[in-house]
Structures are given as structure tokens and as C-alpha cells.
>>> print(open('model.pdb').read())   # PDB, C-alpha atoms, pLDDT in the B column
ATOM      1  CA  MET A1456     140.265  81.178   6.284  1.00 58.00           C
ATOM      2  CA  THR A1457     140.338  84.925   5.718  1.00 63.00           C
ATOM      3  CA  ASP A1458     138.298  86.692   3.033  1.00 72.00           C
ATOM      4  CA  THR A1459     140.335  89.903   2.915  1.00 80.00           C
ATOM      5  CA  ALA A1460     143.816  90.977   3.958  1.00 84.00           C
ATOM      6  CA  GLN A1461     143.903  92.251   7.566  1.00 87.00           C
ATOM      7  CA  ARG A1462     146.249  92.960  10.426  1.00 91.00           C
ATOM      8  CA  LEU A1463     146.735  89.740  12.350  1.00 90.00           C
ATOM      9  CA  ASP A1464     145.583  91.071  15.736  1.00 89.00           C
ATOM     10  CA  GLN A1465     142.428  92.566  14.185  1.00 89.00           C
ATOM     11  CA  LEU A1466     141.771  89.361  12.290  1.00 88.00           C
ATOM     12  CA  LEU A1467     141.994  87.230  15.435  1.00 86.00           C
ATOM     13  CA  VAL A1468     139.320  89.377  17.058  1.00 86.00           C
ATOM     14  CA  SER A1469     137.067  89.337  13.985  1.00 87.00           C
ATOM     15  CA  LEU A1470     137.338  85.531  13.880  1.00 85.00           C
ATOM     16  CA  ASN A1471     136.288  85.447  17.573  1.00 83.00           C
ATOM     17  CA  HIS A1472     139.511  83.867  18.778  1.00 82.00           C
ATOM     18  CA  PHE A1473     139.938  86.721  21.289  1.00 77.00           C
ATOM     19  CA  GLU A1474     137.713  89.411  22.759  1.00 74.00           C
ATOM     20  CA  THR A1475     140.252  92.237  22.386  1.00 76.00           C
ATOM     21  CA  ARG A1476     143.258  93.137  20.282  1.00 80.00           C
ATOM     22  CA  SER A1477     145.437  93.256  23.396  1.00 75.00           C
ATOM     23  CA  ARG A1478     144.623  89.614  24.150  1.00 76.00           C
ATOM     24  CA  ALA A1479     145.284  88.712  20.525  1.00 83.00           C
ATOM     25  CA  ARG A1480     148.583  90.593  20.567  1.00 83.00           C
ATOM     26  CA  ASP A1481     149.676  88.795  23.728  1.00 78.00           C
ATOM     27  CA  ALA A1482     148.899  85.395  22.200  1.00 82.00           C
ATOM     28  CA  VAL A1483     150.899  86.203  19.078  1.00 85.00           C
ATOM     29  CA  LEU A1484     153.904  87.334  21.106  1.00 79.00           C
ATOM     30  CA  ARG A1485     153.772  84.062  23.042  1.00 76.00           C
ATOM     31  CA  GLY A1486     153.884  82.042  19.834  1.00 80.00           C
ATOM     32  CA  ALA A1487     150.333  80.702  20.202  1.00 83.00           C
ATOM     33  CA  VAL A1488     149.157  81.692  16.705  1.00 89.00           C
ATOM     34  CA  THR A1489     150.081  80.191  13.342  1.00 90.00           C
ATOM     35  CA  VAL A1490     149.430  81.562   9.857  1.00 90.00           C
ATOM     36  CA  ASN A1491     149.487  78.906   7.136  1.00 89.00           C
ATOM     37  CA  GLY A1492     151.350  76.608   9.519  1.00 87.00           C
ATOM     38  CA  ARG A1493     153.973  79.217  10.392  1.00 90.00           C
ATOM     39  CA  ILE A1494     154.252  80.597  13.923  1.00 89.00           C
ATOM     40  CA  ALA A1495     153.372  84.282  13.731  1.00 89.00           C
ATOM     41  CA  ARG A1496     155.635  86.683  15.615  1.00 86.00           C
ATOM     42  CA  LYS A1497     154.237  90.141  14.784  1.00 88.00           C
ATOM     43  CA  PRO A1498     150.714  91.136  15.879  1.00 88.00           C
ATOM     44  CA  GLY A1499     150.666  93.884  13.237  1.00 88.00           C
ATOM     45  CA  GLU A1500     151.660  91.770  10.264  1.00 90.00           C
ATOM     46  CA  THR A1501     149.278  91.799   7.297  1.00 91.00           C
ATOM     47  CA  VAL A1502     147.664  88.428   6.688  1.00 88.00           C
ATOM     48  CA  PRO A1503     146.753  87.788   3.022  1.00 88.00           C
ATOM     49  CA  ALA A1504     143.251  86.749   2.065  1.00 82.00           C
ATOM     50  CA  GLY A1505     142.760  82.990   2.081  1.00 82.00           C
ATOM     51  CA  SER A1506     145.269  82.381   4.887  1.00 87.00           C
ATOM     52  CA  ALA A1507     144.653  79.620   7.410  1.00 88.00           C
ATOM     53  CA  ILE A1508     144.741  80.849  11.018  1.00 89.00           C
ATOM     54  CA  ALA A1509     145.164  78.490  13.978  1.00 87.00           C
ATOM     55  CA  VAL A1510     145.358  79.239  17.701  1.00 85.00           C
ATOM     56  CA  ASP A1511     146.772  76.906  20.327  1.00 78.00           C
ATOM     57  CA  ASP A1512     146.537  78.976  23.503  1.00 71.00           C
ATOM     58  CA  PRO A1513     145.956  77.495  26.989  1.00 69.00           C
ATOM     59  CA  ALA A1514     145.092  80.985  28.216  1.00 65.00           C
ATOM     60  CA  GLY A1515     142.287  81.309  25.692  1.00 68.00           C
ATOM     61  CA  ALA A1516     139.702  79.903  28.096  1.00 72.00           C
ATOM     62  CA  TYR A1517     140.470  82.601  30.656  1.00 80.00           C
ATOM     63  CA  VAL A1518     139.814  86.329  30.829  1.00 85.00           C
ATOM     64  CA  SER A1519     143.512  86.923  31.504  1.00 84.00           C
ATOM     65  CA  ARG A1520     146.687  84.941  30.965  1.00 84.00           C
ATOM     66  CA  ALA A1521     147.415  85.633  34.639  1.00 90.00           C
ATOM     67  CA  ALA A1522     145.081  82.708  35.283  1.00 92.00           C
ATOM     68  CA  LEU A1523     147.825  80.339  34.150  1.00 91.00           C
ATOM     69  CA  LYS A1524     150.109  81.696  36.860  1.00 94.00           C
ATOM     70  CA  LEU A1525     147.673  80.952  39.677  1.00 96.00           C
ATOM     71  CA  ILE A1526     146.874  77.526  38.243  1.00 95.00           C
ATOM     72  CA  ALA A1527     150.583  76.717  38.283  1.00 95.00           C
ATOM     73  CA  ALA A1528     150.919  77.818  41.905  1.00 97.00           C
ATOM     74  CA  LEU A1529     147.891  75.879  43.137  1.00 97.00           C
ATOM     75  CA  ASP A1530     149.186  72.742  41.450  1.00 97.00           C
ATOM     76  CA  HIS A1531     152.794  73.232  42.532  1.00 97.00           C
ATOM     77  CA  PHE A1532     151.990  73.883  46.186  1.00 98.00           C
ATOM     78  CA  ASN A1533     149.099  71.393  46.214  1.00 97.00           C
ATOM     79  CA  ILE A1534     146.616  73.816  47.753  1.00 98.00           C
ATOM     80  CA  SER A1535     142.973  74.423  46.925  1.00 97.00           C
ATOM     81  CA  PRO A1536     140.424  77.190  47.524  1.00 98.00           C
ATOM     82  CA  GLU A1537     137.578  74.669  47.477  1.00 97.00           C
ATOM     83  CA  GLY A1538     134.765  75.815  49.752  1.00 97.00           C
ATOM     84  CA  ALA A1539     136.625  78.930  50.881  1.00 97.00           C
ATOM     85  CA  ASP A1540     135.615  82.576  50.928  1.00 98.00           C
ATOM     86  CA  ALA A1541     138.487  84.084  48.960  1.00 98.00           C
ATOM     87  CA  LEU A1542     139.989  87.545  48.604  1.00 98.00           C
ATOM     88  CA  ASP A1543     141.576  88.629  45.312  1.00 98.00           C
ATOM     89  CA  ILE A1544     143.783  91.714  45.672  1.00 98.00           C
ATOM     90  CA  GLY A1545     144.476  93.488  42.386  1.00 97.00           C
ATOM     91  CA  ALA A1546     141.740  91.549  40.598  1.00 96.00           C
ATOM     92  CA  SER A1547     141.810  93.600  37.362  1.00 94.00           C
ATOM     93  CA  THR A1548     140.018  91.633  34.610  1.00 92.00           C
ATOM     94  CA  GLY A1549     139.554  88.672  36.936  1.00 95.00           C
ATOM     95  CA  GLY A1550     142.012  85.979  35.863  1.00 94.00           C
ATOM     96  CA  PHE A1551     142.753  84.921  39.437  1.00 97.00           C
ATOM     97  CA  THR A1552     139.080  85.235  40.410  1.00 98.00           C
ATOM     98  CA  GLN A1553     138.097  82.970  37.529  1.00 96.00           C
ATOM     99  CA  VAL A1554     140.552  80.275  38.634  1.00 97.00           C
ATOM    100  CA  LEU A1555     139.400  80.486  42.259  1.00 98.00           C
ATOM    101  CA  LEU A1556     135.815  79.877  41.177  1.00 97.00           C
ATOM    102  CA  GLU A1557     136.872  77.128  38.808  1.00 95.00           C
ATOM    103  CA  ARG A1558     138.691  75.407  41.666  1.00 97.00           C
ATOM    104  CA  GLY A1559     135.631  75.550  43.919  1.00 97.00           C
ATOM    105  CA  ALA A1560     135.828  78.757  45.968  1.00 98.00           C
ATOM    106  CA  ALA A1561     132.457  79.504  47.557  1.00 98.00           C
ATOM    107  CA  HIS A1562     132.830  83.248  47.059  1.00 98.00           C
ATOM    108  CA  VAL A1563     135.454  85.731  45.859  1.00 98.00           C
ATOM    109  CA  THR A1564     135.740  89.320  47.025  1.00 98.00           C
ATOM    110  CA  ALA A1565     137.653  91.022  44.217  1.00 98.00           C
ATOM    111  CA  VAL A1566     139.481  94.246  45.066  1.00 98.00           C
ATOM    112  CA  ASP A1567     140.991  96.680  42.591  1.00 96.00           C
ATOM    113  CA  VAL A1568     141.791 100.380  42.701  1.00 95.00           C
ATOM    114  CA  GLY A1569     140.656 100.721  39.086  1.00 94.00           C
ATOM    115  CA  HIS A1570     137.181 100.818  37.573  1.00 94.00           C
ATOM    116  CA  ASP A1571     135.376  98.828  34.869  1.00 92.00           C
ATOM    117  CA  GLN A1572     138.151  96.283  34.436  1.00 92.00           C
ATOM    118  CA  MET A1573     136.587  92.965  35.468  1.00 93.00           C
ATOM    119  CA  ALA A1574     135.195  90.789  32.693  1.00 90.00           C
ATOM    120  CA  GLY A1575     131.431  91.146  32.526  1.00 91.00           C
ATOM    121  CA  ARG A1576     130.622  87.495  33.093  1.00 92.00           C
ATOM    122  CA  LEU A1577     132.668  87.455  36.288  1.00 95.00           C
ATOM    123  CA  ALA A1578     131.345  90.775  37.594  1.00 94.00           C
ATOM    124  CA  ALA A1579     127.816  89.408  37.113  1.00 95.00           C
ATOM    125  CA  ASP A1580     128.541  86.100  38.861  1.00 96.00           C
ATOM    126  CA  PRO A1581     126.618  85.944  42.172  1.00 97.00           C
ATOM    127  CA  ARG A1582     129.660  84.310  43.762  1.00 97.00           C
ATOM    128  CA  VAL A1583     131.728  87.468  43.132  1.00 97.00           C
ATOM    129  CA  THR A1584     131.685  90.756  45.021  1.00 97.00           C
ATOM    130  CA  ASN A1585     133.507  93.252  42.806  1.00 97.00           C
ATOM    131  CA  LEU A1586     134.961  96.103  44.889  1.00 97.00           C
ATOM    132  CA  GLU A1587     136.091  98.663  42.335  1.00 95.00           C
ATOM    133  CA  GLY A1588     137.963 101.835  43.191  1.00 95.00           C
ATOM    134  CA  LEU A1589     139.158 100.459  46.508  1.00 96.00           C
ATOM    135  CA  ASN A1590     142.795 100.800  47.512  1.00 96.00           C
ATOM    136  CA  ALA A1591     143.848  97.514  49.144  1.00 96.00           C
ATOM    137  CA  ARG A1592     145.802  99.496  51.733  1.00 96.00           C
ATOM    138  CA  ARG A1593     142.467 100.728  53.128  1.00 96.00           C
ATOM    139  CA  LEU A1594     140.629  97.391  53.023  1.00 96.00           C
ATOM    140  CA  GLY A1595     138.534  96.814  56.148  1.00 94.00           C
ATOM    141  CA  ARG A1596     136.274  94.093  57.528  1.00 94.00           C
ATOM    142  CA  GLU A1597     133.211  96.087  56.535  1.00 93.00           C
ATOM    143  CA  ASP A1598     134.338  95.820  52.902  1.00 94.00           C
ATOM    144  CA  ILE A1599     134.272  92.025  52.922  1.00 93.00           C
ATOM    145  CA  GLY A1600     130.869  91.727  54.570  1.00 89.00           C
ATOM    146  CA  ASN A1601     132.348  89.971  57.573  1.00 84.00           C
ATOM    147  CA  ARG A1602     133.066  86.909  55.450  1.00 93.00           C
ATOM    148  CA  PRO A1603     135.575  84.469  56.973  1.00 96.00           C
ATOM    149  CA  ILE A1604     138.411  84.762  54.471  1.00 97.00           C
ATOM    150  CA  GLY A1605     140.074  81.412  53.940  1.00 98.00           C
ATOM    151  CA  PHE A1606     142.140  82.138  50.834  1.00 98.00           C
ATOM    152  CA  VAL A1607     144.019  85.267  49.731  1.00 99.00           C
ATOM    153  CA  VAL A1608     145.544  85.806  46.292  1.00 98.00           C
ATOM    154  CA  SER A1609     147.248  88.847  44.834  1.00 98.00           C
ATOM    155  CA  ASP A1610     148.431  90.168  41.492  1.00 96.00           C
ATOM    156  CA  VAL A1611     149.178  93.873  41.941  1.00 95.00           C
ATOM    157  CA  SER A1612     151.204  96.347  39.894  1.00 91.00           C
ATOM    158  CA  PHE A1613     152.916  99.666  40.607  1.00 91.00           C
ATOM    159  CA  ILE A1614     152.935  98.994  44.350  1.00 93.00           C
ATOM    160  CA  SER A1615     154.956  96.772  46.662  1.00 94.00           C
ATOM    161  CA  LEU A1616     153.266  93.727  48.151  1.00 97.00           C
ATOM    162  CA  LYS A1617     154.567  94.945  51.490  1.00 96.00           C
ATOM    163  CA  LEU A1618     152.278  97.965  51.176  1.00 96.00           C
ATOM    164  CA  ALA A1619     149.294  96.360  49.474  1.00 96.00           C
ATOM    165  CA  LEU A1620     148.814  93.167  51.466  1.00 97.00           C
ATOM    166  CA  PRO A1621     148.936  93.745  55.253  1.00 97.00           C
ATOM    167  CA  PRO A1622     145.185  94.550  55.585  1.00 97.00           C
ATOM    168  CA  ALA A1623     144.207  91.448  53.612  1.00 98.00           C
ATOM    169  CA  LEU A1624     146.576  89.234  55.576  1.00 98.00           C
ATOM    170  CA  ALA A1625     145.207  90.606  58.843  1.00 97.00           C
ATOM    171  CA  LEU A1626     141.603  89.943  57.761  1.00 96.00           C
ATOM    172  CA  ALA A1627     142.295  86.316  56.824  1.00 97.00           C
ATOM    173  CA  GLU A1628     141.164  83.636  59.238  1.00 97.00           C
ATOM    174  CA  PRO A1629     143.658  81.377  61.048  1.00 97.00           C
ATOM    175  CA  GLY A1630     144.406  78.469  58.725  1.00 96.00           C
ATOM    176  CA  ALA A1631     143.871  80.561  55.584  1.00 97.00           C
ATOM    177  CA  PHE A1632     146.096  80.025  52.556  1.00 98.00           C
ATOM    178  CA  CYS A1633     147.711  82.636  50.332  1.00 98.00           C
ATOM    179  CA  VAL A1634     149.256  82.809  46.872  1.00 99.00           C
ATOM    180  CA  PHE A1635     150.981  85.998  45.732  1.00 98.00           C
ATOM    181  CA  LEU A1636     152.451  86.896  42.372  1.00 97.00           C
ATOM    182  CA  VAL A1637     155.805  88.567  42.967  1.00 96.00           C
ATOM    183  CA  LYS A1638     156.678  91.190  40.347  1.00 93.00           C
ATOM    184  CA  PRO A1639     160.280  92.215  41.072  1.00 91.00           C
ATOM    185  CA  GLN A1640     160.069  95.392  38.983  1.00 88.00           C
ATOM    186  CA  PHE A1641     157.597  96.866  41.479  1.00 90.00           C
ATOM    187  CA  GLU A1642     159.714  95.937  44.489  1.00 88.00           C
ATOM    188  CA  ALA A1643     163.227  96.790  43.329  1.00 85.00           C
ATOM    189  CA  GLY A1644     163.305 100.594  43.417  1.00 79.00           C
ATOM    190  CA  LYS A1645     163.735 102.924  40.453  1.00 79.00           C
ATOM    191  CA  GLU A1646     167.513 102.706  40.573  1.00 82.00           C
ATOM    192  CA  ASN A1647     167.321  99.015  39.626  1.00 79.00           C
ATOM    193  CA  ILE A1648     164.956  99.409  36.681  1.00 81.00           C
ATOM    194  CA  GLY A1649     166.223  99.877  33.147  1.00 80.00           C
ATOM    195  CA  LYS A1650     164.597 100.423  29.786  1.00 78.00           C
ATOM    196  CA  LYS A1651     161.039  99.191  29.229  1.00 76.00           C
ATOM    197  CA  GLY A1652     160.672  98.409  32.934  1.00 78.00           C
ATOM    198  CA  LEU A1653     163.110  95.518  32.952  1.00 80.00           C
ATOM    199  CA  LEU A1654     165.393  94.798  35.905  1.00 78.00           C
ATOM    200  CA  LYS A1655     168.924  95.943  35.152  1.00 81.00           C
ATOM    201  CA  ASP A1656     170.211  92.822  36.895  1.00 80.00           C
ATOM    202  CA  PRO A1657     167.930  89.781  36.392  1.00 83.00           C
ATOM    203  CA  ALA A1658     169.687  88.057  39.309  1.00 85.00           C
ATOM    204  CA  LEU A1659     167.941  90.528  41.600  1.00 87.00           C
ATOM    205  CA  GLY A1660     164.566  88.888  40.921  1.00 88.00           C
ATOM    206  CA  PRO A1661     165.032  85.732  43.026  1.00 93.00           C
ATOM    207  CA  LYS A1662     166.529  87.791  45.851  1.00 94.00           C
ATOM    208  CA  ILE A1663     163.453  90.027  45.899  1.00 94.00           C
ATOM    209  CA  ALA A1664     161.185  86.974  46.028  1.00 95.00           C
ATOM    210  CA  GLU A1665     163.201  85.584  48.944  1.00 97.00           C
ATOM    211  CA  ASP A1666     162.988  88.914  50.760  1.00 95.00           C
ATOM    212  CA  LEU A1667     159.201  88.865  50.400  1.00 97.00           C
ATOM    213  CA  GLU A1668     159.113  85.311  51.697  1.00 97.00           C
ATOM    214  CA  ASP A1669     161.030  86.473  54.780  1.00 97.00           C
ATOM    215  CA  TRP A1670     158.613  89.399  55.155  1.00 98.00           C
ATOM    216  CA  LEU A1671     155.606  87.076  55.007  1.00 98.00           C
ATOM    217  CA  SER A1672     157.025  84.880  57.753  1.00 96.00           C
ATOM    218  CA  ARG A1673     158.897  87.369  59.925  1.00 96.00           C
ATOM    219  CA  ASP A1674     156.671  90.446  59.755  1.00 96.00           C
ATOM    220  CA  GLN A1675     153.266  88.968  58.978  1.00 97.00           C
ATOM    221  CA  GLY A1676     153.541  85.747  60.967  1.00 96.00           C
ATOM    222  CA  TRP A1677     152.517  83.409  58.159  1.00 98.00           C
ATOM    223  CA  GLN A1678     154.109  80.057  57.381  1.00 97.00           C
ATOM    224  CA  SER A1679     155.736  80.036  53.952  1.00 97.00           C
ATOM    225  CA  PHE A1680     155.370  77.083  51.595  1.00 98.00           C
ATOM    226  CA  GLY A1681     158.135  78.456  49.404  1.00 97.00           C
ATOM    227  CA  ILE A1682     158.617  80.140  46.045  1.00 98.00           C
ATOM    228  CA  THR A1683     158.227  78.866  42.491  1.00 97.00           C
ATOM    229  CA  PRO A1684     158.931  80.672  39.197  1.00 95.00           C
ATOM    230  CA  SER A1685     155.912  81.814  37.222  1.00 93.00           C
ATOM    231  CA  PRO A1686     155.380  79.603  34.147  1.00 88.00           C
ATOM    232  CA  ILE A1687     155.111  82.703  31.940  1.00 83.00           C
ATOM    233  CA  GLU A1688     156.868  86.049  31.978  1.00 78.00           C
ATOM    234  CA  GLY A1689     155.214  89.311  32.867  1.00 76.00           C
ATOM    235  CA  GLY A1690     153.903  91.475  30.043  1.00 69.00           C
ATOM    236  CA  ASP A1691     157.086  93.565  30.153  1.00 68.00           C
ATOM    237  CA  GLY A1692     159.334  90.514  29.935  1.00 74.00           C
ATOM    238  CA  ASN A1693     160.389  90.358  33.592  1.00 79.00           C
ATOM    239  CA  HIS A1694     160.614  86.983  35.299  1.00 89.00           C
ATOM    240  CA  GLU A1695     157.982  86.682  38.034  1.00 93.00           C
ATOM    241  CA  TYR A1696     157.555  84.377  41.014  1.00 96.00           C
ATOM    242  CA  LEU A1697     154.763  82.833  43.055  1.00 98.00           C
ATOM    243  CA  LEU A1698     154.857  82.780  46.833  1.00 98.00           C
ATOM    244  CA  ALA A1699     152.460  80.672  48.907  1.00 98.00           C
ATOM    245  CA  GLY A1700     151.812  80.177  52.592  1.00 98.00           C
ATOM    246  CA  GLN A1701     149.352  79.644  55.402  1.00 98.00           C
ATOM    247  CA  LYS A1702     148.243  81.630  58.416  1.00 97.00           C
ATOM    248  CA  PRO A1703     148.865  79.599  61.585  1.00 94.00           C
ATOM    249  CA  GLY A1704     146.546  79.185  64.509  1.00 84.00           C
ATOM    250  CA  ALA A1705     143.874  76.705  63.457  1.00 66.00           C
ATOM    251  CA  THR A1706     143.697  72.977  62.858  1.00 54.00           C
ATOM    252  CA  GLU A1707     140.456  72.670  60.923  1.00 45.00           C
ATOM    253  CA  ARG A1708     141.963  73.856  57.614  1.00 48.00           C
ATOM    254  CA  LEU A1709     145.439  72.380  57.804  1.00 46.00           C
ATOM    255  CA  ASP A1710     144.489  70.055  54.927  1.00 52.00           C
ATOM    256  CA  ARG A1711     145.803  71.879  51.834  1.00 54.00           C
ATOM    257  CA  HIS A1712     142.639  70.938  49.978  1.00 50.00           C
ATOM    258  CA  GLY A1713     140.488  72.915  52.403  1.00 50.00           C
ATOM    259  CA  ARG A1714     139.003  69.830  54.055  1.00 49.00           C
TER     260      ARG A1714
END
>>> encode(input="model.pdb", output="C-alpha cells")
Amino acid sequence: MTDTAQRLDQLLVSLNHFETRSRARDAVLRGAVTVNGRIARKPGETVPAGSAIAVDDPAGAYVSRAALKLIAALDHFNISPEGADALDIGASTGGFTQVLLERGAAHVTAVDVGHDQMAGRLAADPRVTNLEGLNARRLGREDIGNRPIGFVVSDVSFISLKLALPPALALAEPGAFCVFLVKPQFEAGKENIGKKGLLKDPALGPKIAEDLEDWLSRDQGWQSFGITPSPIEGGDGNHEYLLAGQKPGATERLDRHGR
């Protein structure tokens, strides 16, 4: 119950449902919040005093809703980071890193060009090496402490995967697995992007994902496991995709569960 009238997104934070207003706003827009039994649609709506607020949000347990995307991919492709030294490219707040640890990764090296983005509890986890301010295009073996990388994940923005990932893919050990979030709006070229960052032609999205699958196999030499749609849209409303594969050349990690 609320004691005074407040904006919904502010109220959700004050009631400790979410750590930030941006997370609260995202949950409202996804229909995960009800006010007096009614699904709320506007983060800025004023909620009267005495209103009953309820949240049913699977992403609430994670530092980022991106976690749900990686969970979906791991389950769909039946692969696991258990016991692996993992590499998270474009780690940001750490949604993918959190899932990797939850699924049993021994260690995660998190790479992001930004600063002070990773959730505090993940940055402080001894199983995480948080490499802030590092452009993935310049990632080298010295950055990963010579760890044998057995799992690579990526969720990058404002750069093509074809530019961001080659160093990480090269550093991965034979038999390593990968899962990449494909964001068509950052692959399509400016001429194909309309208002608010949306693809002018939504049909271009699957074609871009297929092109990246070909790139992974043809140019990078990895075996592709295929493509699956992301279970949730990107923050700008674009449909996203998940691409998974494995680096050939070893037999000891051919089991998709890392055994």
C-alpha cells in the first residue's frame, strides 16, 4: 500500500521493488506491474495513496533484463558454462555475467568500454574480473590473465559484432562455446534505420542474423548451432536474436554441458 500519491516509477523504487527508476520503468512497459489489480502501462502515472502495488517480473532477480535473453539461449541450445572460464563482451551492468555465474561458470572476465556500470555485488564477486574502459577490439591475452576461455557471450551496442568479437573468438580455446545477442539495428547501416532506432523493414532482422551466422562459420571458423529469437524485445522495440556455436578442434568439451 502507498501512503502518499507518487509517480509509479518512483514508488516502485521507494517500495524496494527495483534499484533504479529505469528498471522500474522497463518493468512497467513490459506489463509486469499492477496497480489495484490493473496492469499499469505508464511509468509516470500518478498512483493515489492507498493503492495496492504488485510486481510479477521474472527479470526482478537479475541486475538486467538481458539476463532473460541469455537464459533462453542456454536452455534453447542446451549448452552450459559450468566449470568454464567465461568471457562477457559488452558486460554493462552484468546481466549475462550474473547468469554465467548462476549456471556454474568458474570465472567471468567482463569487458566493457564504459566505466562504473557493473552492479556492485557482481563487481565485488571474486569470480569476476571487471575490465572497464576496454574496447573489445583491442582485447589481448594479457587482459584475460592467460585464462583458458571456454565460453564467450556478447551483448554489445553501437558496434557490429563483426568488429567487436574477432579478438574474443580468437582467444577462446578449441571446444569453447559462444552465445551472442544479435541487435539488427547496429548491423543494418544508417540507411535502414528509421525513427527511434527501429528498422525500417522488420524483415531485415532475420536476414542480418543469418548473415552473422554465416560470418561466424565462414570467417571465424566456428560451428553454428543456429539462431533463435530473443524472448523479449530490445529496449528500443527492435526484435533481437541469439546466435550460438562452438569452436572446433577439441574433443574434451564436445559435451554441451561442459563435461
>>> residues_around(input="model.pdb", residues="segment 1529-1533 of chain A", least_positions_apart="2", cutoff="12 Å", atoms="all atoms listed in the file", output="PyMOL selection string")
chain A and resi 1522-1527+1535-1537+1551+1554-1555+1557-1558+1606+1608+1632-1636+1679-1686+1697-1701+1710-1713
>>> atom_distance(input="model.pdb", atom1="atom CA of Gly1630 of chain A", atom2="atom CA of Leu1542 of chain A")
14.3 Å
>>> closest_residue(input="model.pdb", among="A:Gln1678, A:Ala1658, A:Val1563, A:Glu1587", to="Pro1629 of chain A", atoms="only C-alpha atoms")
A:Gln1678
>>> atom_distance(input="model.pdb", atom1="atom CA of Asn1590 of chain A", atom2="atom CA of Ile1544 of chain A")
9.3 Å
>>> atom_distance(input="model.pdb", atom1="atom CA of Arg1582 of chain A", atom2="atom CA of Ala1619 of chain A")
23.7 Å
>>> residues_around(input="model.pdb", residues="Ala1487 of chain A", least_positions_apart="2", cutoff="10 Å", atoms="only C-alpha atoms", output="PDB file with C-alpha atoms, in the frame of the given file")
ATOM      1  CA  ALA A1479     145.284  88.712  20.525  1.00 83.00           C
ATOM      2  CA  ASP A1481     149.676  88.795  23.728  1.00 78.00           C
ATOM      3  CA  ALA A1482     148.899  85.395  22.200  1.00 82.00           C
ATOM      4  CA  VAL A1483     150.899  86.203  19.078  1.00 85.00           C
ATOM      5  CA  LEU A1484     153.904  87.334  21.106  1.00 79.00           C
ATOM      6  CA  ARG A1485     153.772  84.062  23.042  1.00 76.00           C
ATOM      7  CA  THR A1489     150.081  80.191  13.342  1.00 90.00           C
ATOM      8  CA  ILE A1494     154.252  80.597  13.923  1.00 89.00           C
ATOM      9  CA  ALA A1495     153.372  84.282  13.731  1.00 89.00           C
ATOM     10  CA  ARG A1496     155.635  86.683  15.615  1.00 86.00           C
ATOM     11  CA  ALA A1509     145.164  78.490  13.978  1.00 87.00           C
ATOM     12  CA  VAL A1510     145.358  79.239  17.701  1.00 85.00           C
ATOM     13  CA  ASP A1511     146.772  76.906  20.327  1.00 78.00           C
ATOM     14  CA  ASP A1512     146.537  78.976  23.503  1.00 71.00           C
ATOM     15  CA  PRO A1513     145.956  77.495  26.989  1.00 69.00           C
ATOM     16  CA  ALA A1514     145.092  80.985  28.216  1.00 65.00           C
ATOM     17  CA  GLY A1515     142.287  81.309  25.692  1.00 68.00           C
TER      18      GLY A1515
END
>>> resolve_selection(input="model.pdb", expression="the PyMOL selection byres ((chain A and resi 1476) around 9)", output="PyMOL selection string")
chain A and resi 1464-1468+1473-1475+1477-1481+1498
>>> residues_near_point(input="model.pdb", point="(157.8, 96.9, 43.7)", cutoff="9 Å", atoms="all atoms listed in the file", output="MDAnalysis selection string")
chainID A and resid 1612:1617 1637:1644
>>> closest_residue(input="model.pdb", among="A:Gly1499, A:Gly1545, A:Pro1581, A:Gly1559", to="Val1607 of chain A", atoms="only C-alpha atoms")
A:Gly1545
>>> closest_residue(input="model.pdb", among="A:Ala1561, A:Ala1623, A:Ala1574, A:Ala1504", to="Ser1519 of chain A", atoms="all atoms listed in the file")
A:Ala1574
>>> resolve_selection(input="model.pdb", expression="the PyMOL selection byres ((chain A and resi 1565) around 10)", output="ChimeraX atom specification")
/A:1541-1549,1551-1552,1562-1564,1566-1567,1573,1578,1583-1587,1589,1599,1608-1609
>>> residues_near_point(input="model.pdb", point="(146.3, 91.2, 4.5)", cutoff="12 Å", atoms="all atoms listed in the file", output="MDAnalysis selection string")
chainID A and resid 1456:1466 1490 1499:1506
>>> residues_around(input="model.pdb", residues="Gly1605 of chain A", least_positions_apart="6", cutoff="7 Å", atoms="all atoms listed in the file", output="ChimeraX atom specification")
/A:1539-1541,1627-1628,1631-1632
>>> closest_residue(input="model.pdb", among="A:Leu1594, A:Arg1602, A:Asn1693, A:Gln1572", to="Lys1650 of chain A", atoms="all atoms listed in the file")
A:Asn1693
>>> decode(input="model.pdb", residues="segment 1456-1467 of chain A", atoms="N, CA and C atoms", output="mmCIF file, in the first residue's frame")
data_model
loop_
_atom_site.group_PDB
_atom_site.id
_atom_site.type_symbol
_atom_site.label_atom_id
_atom_site.label_comp_id
_atom_site.auth_asym_id
_atom_site.auth_seq_id
_atom_site.Cartn_x
_atom_site.Cartn_y
_atom_site.Cartn_z
ATOM 1 N N MET A 1456 0.840 -1.201 0.000
ATOM 2 C CA MET A 1456 0.000 0.000 0.000
ATOM 3 C C MET A 1456 0.880 1.258 0.000
ATOM 4 N N THR A 1457 0.360 2.309 -0.590
ATOM 5 C CA THR A 1457 1.071 3.582 -0.625
ATOM 6 C C THR A 1457 0.481 4.540 0.402
ATOM 7 N N ASP A 1458 1.320 5.363 1.009
ATOM 8 C CA ASP A 1458 0.859 6.334 1.997
ATOM 9 C C ASP A 1458 0.534 7.683 1.374
ATOM 10 N N THR A 1459 1.240 8.020 0.299
ATOM 11 C CA THR A 1459 1.014 9.290 -0.392
ATOM 12 C C THR A 1459 1.004 9.041 -1.891
ATOM 13 N N ALA A 1460 0.418 9.967 -2.634
ATOM 14 C CA ALA A 1460 0.403 9.857 -4.089
ATOM 15 C C ALA A 1460 1.812 10.077 -4.631
ATOM 16 N N GLN A 1461 2.236 9.219 -5.563
ATOM 17 C CA GLN A 1461 3.572 9.313 -6.166
ATOM 18 C C GLN A 1461 3.526 8.852 -7.607
ATOM 19 N N ARG A 1462 4.552 9.264 -8.363
ATOM 20 C CA ARG A 1462 4.765 8.680 -9.682
ATOM 21 C C ARG A 1462 5.017 7.178 -9.514
ATOM 22 N N LEU A 1463 4.515 6.390 -10.431
ATOM 23 C CA LEU A 1463 4.630 4.950 -10.297
ATOM 24 C C LEU A 1463 6.083 4.483 -10.272
ATOM 25 N N ASP A 1464 6.928 5.005 -11.199
ATOM 26 C CA ASP A 1464 8.307 4.524 -11.227
ATOM 27 C C ASP A 1464 9.057 4.885 -9.945
ATOM 28 N N GLN A 1465 8.797 6.082 -9.397
ATOM 29 C CA GLN A 1465 9.417 6.476 -8.136
ATOM 30 C C GLN A 1465 8.914 5.609 -6.984
ATOM 31 N N LEU A 1466 7.640 5.305 -7.020
ATOM 32 C CA LEU A 1466 7.037 4.500 -5.962
ATOM 33 C C LEU A 1466 7.633 3.091 -5.941
ATOM 34 N N LEU A 1467 7.838 2.510 -7.101
ATOM 35 C CA LEU A 1467 8.397 1.160 -7.177
ATOM 36 C C LEU A 1467 9.797 1.102 -6.569
#
